[in-house]
Amino acid sequence: MLDESYSVTPAAARAVNAAKAGGRPVTAVGTTVVRTLESAWKDGSVRSGRRSTTLFIRPGFEFHAVDRLLTNFHLPQSTLLILVSAFAGYDLVMKAYREAVRERYRFFSYGDAMLIL
């Protein structure tokens, strides 16, 4: 994975940490947010600040910060599709993709989206 810079504001870190402490789900809007929050997760909470990450989220990854994901349909054989498969499970993601192809959903940026609960 390439290095990616990210920034988590103190307010965003407080909001995520309060949700986690209160037993409420955290919904990431986009795979970049997933990668950011999971990279910022240290010692049981999300830390604010500017950093960079090389985190490669793939099946077997243990998610700590993110509980739900809103994302578009990513291109086949992409690292983003691997991240989504790690989050929702390969079989469920492939079932969603078959449906998307059958129904002619738009893929990639500015395409159709899915909410994974």
# chains A, B, ... in the order shown; residues from 1 in each chain; ligands from 1
>>> select_by_dssp(residues="stretch 29-104 of chain A", states="helix (DSSP H, G or I)", output="ChimeraX atom specification")
/A:31-40,79-88,90-102
>>> residues_around(residues="A:Ser5", least_positions_apart="5", cutoff="12 Å", atoms="only C-alpha atoms", output="number ranges by chain")
A: 32-33, 35-36, 39-40, 49-55
>>> write_last_selection(atoms="N, CA and C atoms", output="tab-separated table (two decimals), in the first residue's frame")
chain	number	residue	atom	x	y	z
A	32	THR	N	-11.59	5.63	2.63
A	32	THR	CA	-10.52	6.45	3.19
A	32	THR	C	-10.78	6.74	4.66
A	33	VAL	N	-12.04	6.95	5.02
A	33	VAL	CA	-12.39	7.18	6.42
A	33	VAL	C	-12.13	5.91	7.24
A	35	ARG	N	-9.87	3.58	6.64
A	35	ARG	CA	-8.42	3.47	6.78
A	35	ARG	C	-7.88	4.51	7.76
A	36	THR	N	-8.43	5.72	7.72
A	36	THR	CA	-8.01	6.78	8.64
A	36	THR	C	-8.33	6.42	10.08
A	39	SER	N	-6.37	3.47	11.36
A	39	SER	CA	-4.96	3.84	11.55
A	39	SER	C	-4.78	4.70	12.80
A	40	ALA	N	-5.77	5.53	13.11
A	40	ALA	CA	-5.69	6.42	14.27
A	40	ALA	C	-6.06	5.73	15.58
A	49	GLY	N	-4.93	14.09	15.21
A	49	GLY	CA	-3.63	14.51	14.71
A	49	GLY	C	-3.47	14.23	13.23
A	50	ARG	N	-2.33	14.68	12.71
A	50	ARG	CA	-1.96	14.47	11.31
A	50	ARG	C	-0.88	13.41	11.28
A	51	ARG	N	-1.11	12.38	10.45
A	51	ARG	CA	-0.15	11.30	10.32
A	51	ARG	C	-0.22	10.74	8.91
A	52	SER	N	0.56	9.71	8.67
A	52	SER	CA	0.43	8.97	7.42
A	52	SER	C	0.33	7.49	7.78
A	53	THR	N	-0.21	6.73	6.84
A	53	THR	CA	-0.41	5.31	7.09
A	53	THR	C	-0.08	4.50	5.85
A	54	THR	N	0.34	3.27	6.09
A	54	THR	CA	0.50	2.29	5.02
A	54	THR	C	-0.40	1.09	5.30
A	55	LEU	N	-1.37	1.27	6.18
A	55	LEU	CA	-2.26	0.19	6.58
A	55	LEU	C	-2.96	-0.41	5.36
>>> residues_around(residues="A:Trp41", least_positions_apart="6", cutoff="9 Å", atoms="only C-alpha atoms", output="MDAnalysis selection string")
chainID A and resid 47 64:65
>>> write_last_selection(atoms="C-alpha atoms", output="mmCIF file, in the first residue's frame")
data_model
loop_
_atom_site.group_PDB
_atom_site.id
_atom_site.type_symbol
_atom_site.label_atom_id
_atom_site.label_comp_id
_atom_site.auth_asym_id
_atom_site.auth_seq_id
_atom_site.Cartn_x
_atom_site.Cartn_y
_atom_site.Cartn_z
ATOM 1 C CA ARG A 47 -6.239 9.739 18.448
ATOM 2 C CA HIS A 64 -11.862 -1.461 16.145
ATOM 3 C CA ALA A 65 -13.102 2.010 15.222
#
>>> residues_around(residues="stretch 15-31 of chain A", least_positions_apart="5", cutoff="7 Å", atoms="only C-alpha atoms", output="mmCIF file with C-alpha atoms, in the first residue's frame")
data_model
loop_
_atom_site.group_PDB
_atom_site.id
_atom_site.type_symbol
_atom_site.label_atom_id
_atom_site.label_comp_id
_atom_site.auth_asym_id
_atom_site.auth_seq_id
_atom_site.Cartn_x
_atom_site.Cartn_y
_atom_site.Cartn_z
ATOM 1 C CA SER A 45 -9.457 5.027 21.201
ATOM 2 C CA VAL A 46 -9.038 7.182 18.118
ATOM 3 C CA ALA A 65 -13.102 2.010 15.222
ATOM 4 C CA VAL A 66 -15.605 1.403 12.413
ATOM 5 C CA ASP A 67 -18.841 -0.588 12.681
ATOM 6 C CA ARG A 68 -20.667 0.396 9.471
ATOM 7 C CA LEU A 69 -19.553 1.477 6.034
ATOM 8 C CA LEU A 70 -21.122 3.569 3.283
ATOM 9 C CA THR A 71 -19.096 3.149 0.102
ATOM 10 C CA LEU A 80 -10.531 -0.978 -1.998
#
>>> atom_distance(atom1="atom CA of A:Tyr90", atom2="atom CA of A:Gly60")
10.9 Å
>>> residues_around(residues="A:Leu83", least_positions_apart="2", cutoff="6 Å", atoms="only C-alpha atoms", output="ChimeraX atom specification")
/A:57-58,80-81,85-86
>>> write_last_selection(atoms="N, CA, C and O atoms", output="mmCIF file, in the first residue's frame")
data_model
loop_
_atom_site.group_PDB
_atom_site.id
_atom_site.type_symbol
_atom_site.label_atom_id
_atom_site.label_comp_id
_atom_site.auth_asym_id
_atom_site.auth_seq_id
_atom_site.Cartn_x
_atom_site.Cartn_y
_atom_site.Cartn_z
ATOM 1 N N ILE A 57 -5.827 -2.972 4.696
ATOM 2 C CA ILE A 57 -6.911 -3.720 5.330
ATOM 3 C C ILE A 57 -7.366 -4.802 4.371
ATOM 4 O O ILE A 57 -7.822 -4.521 3.270
ATOM 5 N N ARG A 58 -7.238 -6.037 4.813
ATOM 6 C CA ARG A 58 -7.610 -7.202 4.006
ATOM 7 C C ARG A 58 -8.309 -8.216 4.897
ATOM 8 O O ARG A 58 -8.304 -8.074 6.123
ATOM 9 N N LEU A 80 -9.311 -1.433 -2.677
ATOM 10 C CA LEU A 80 -10.531 -0.978 -1.998
ATOM 11 C C LEU A 80 -11.577 -2.079 -1.938
ATOM 12 O O LEU A 80 -12.292 -2.219 -0.939
ATOM 13 N N LEU A 81 -11.666 -2.884 -2.972
ATOM 14 C CA LEU A 81 -12.577 -4.028 -2.946
ATOM 15 C C LEU A 81 -12.119 -5.034 -1.889
ATOM 16 O O LEU A 81 -12.944 -5.639 -1.200
ATOM 17 N N SER A 85 -14.304 -6.239 1.291
ATOM 18 C CA SER A 85 -14.448 -7.675 1.567
ATOM 19 C C SER A 85 -13.995 -8.015 2.981
ATOM 20 O O SER A 85 -14.596 -8.868 3.635
ATOM 21 N N ALA A 86 -12.963 -7.360 3.449
ATOM 22 C CA ALA A 86 -12.509 -7.569 4.828
ATOM 23 C C ALA A 86 -13.574 -7.106 5.808
ATOM 24 O O ALA A 86 -13.777 -7.715 6.864
#
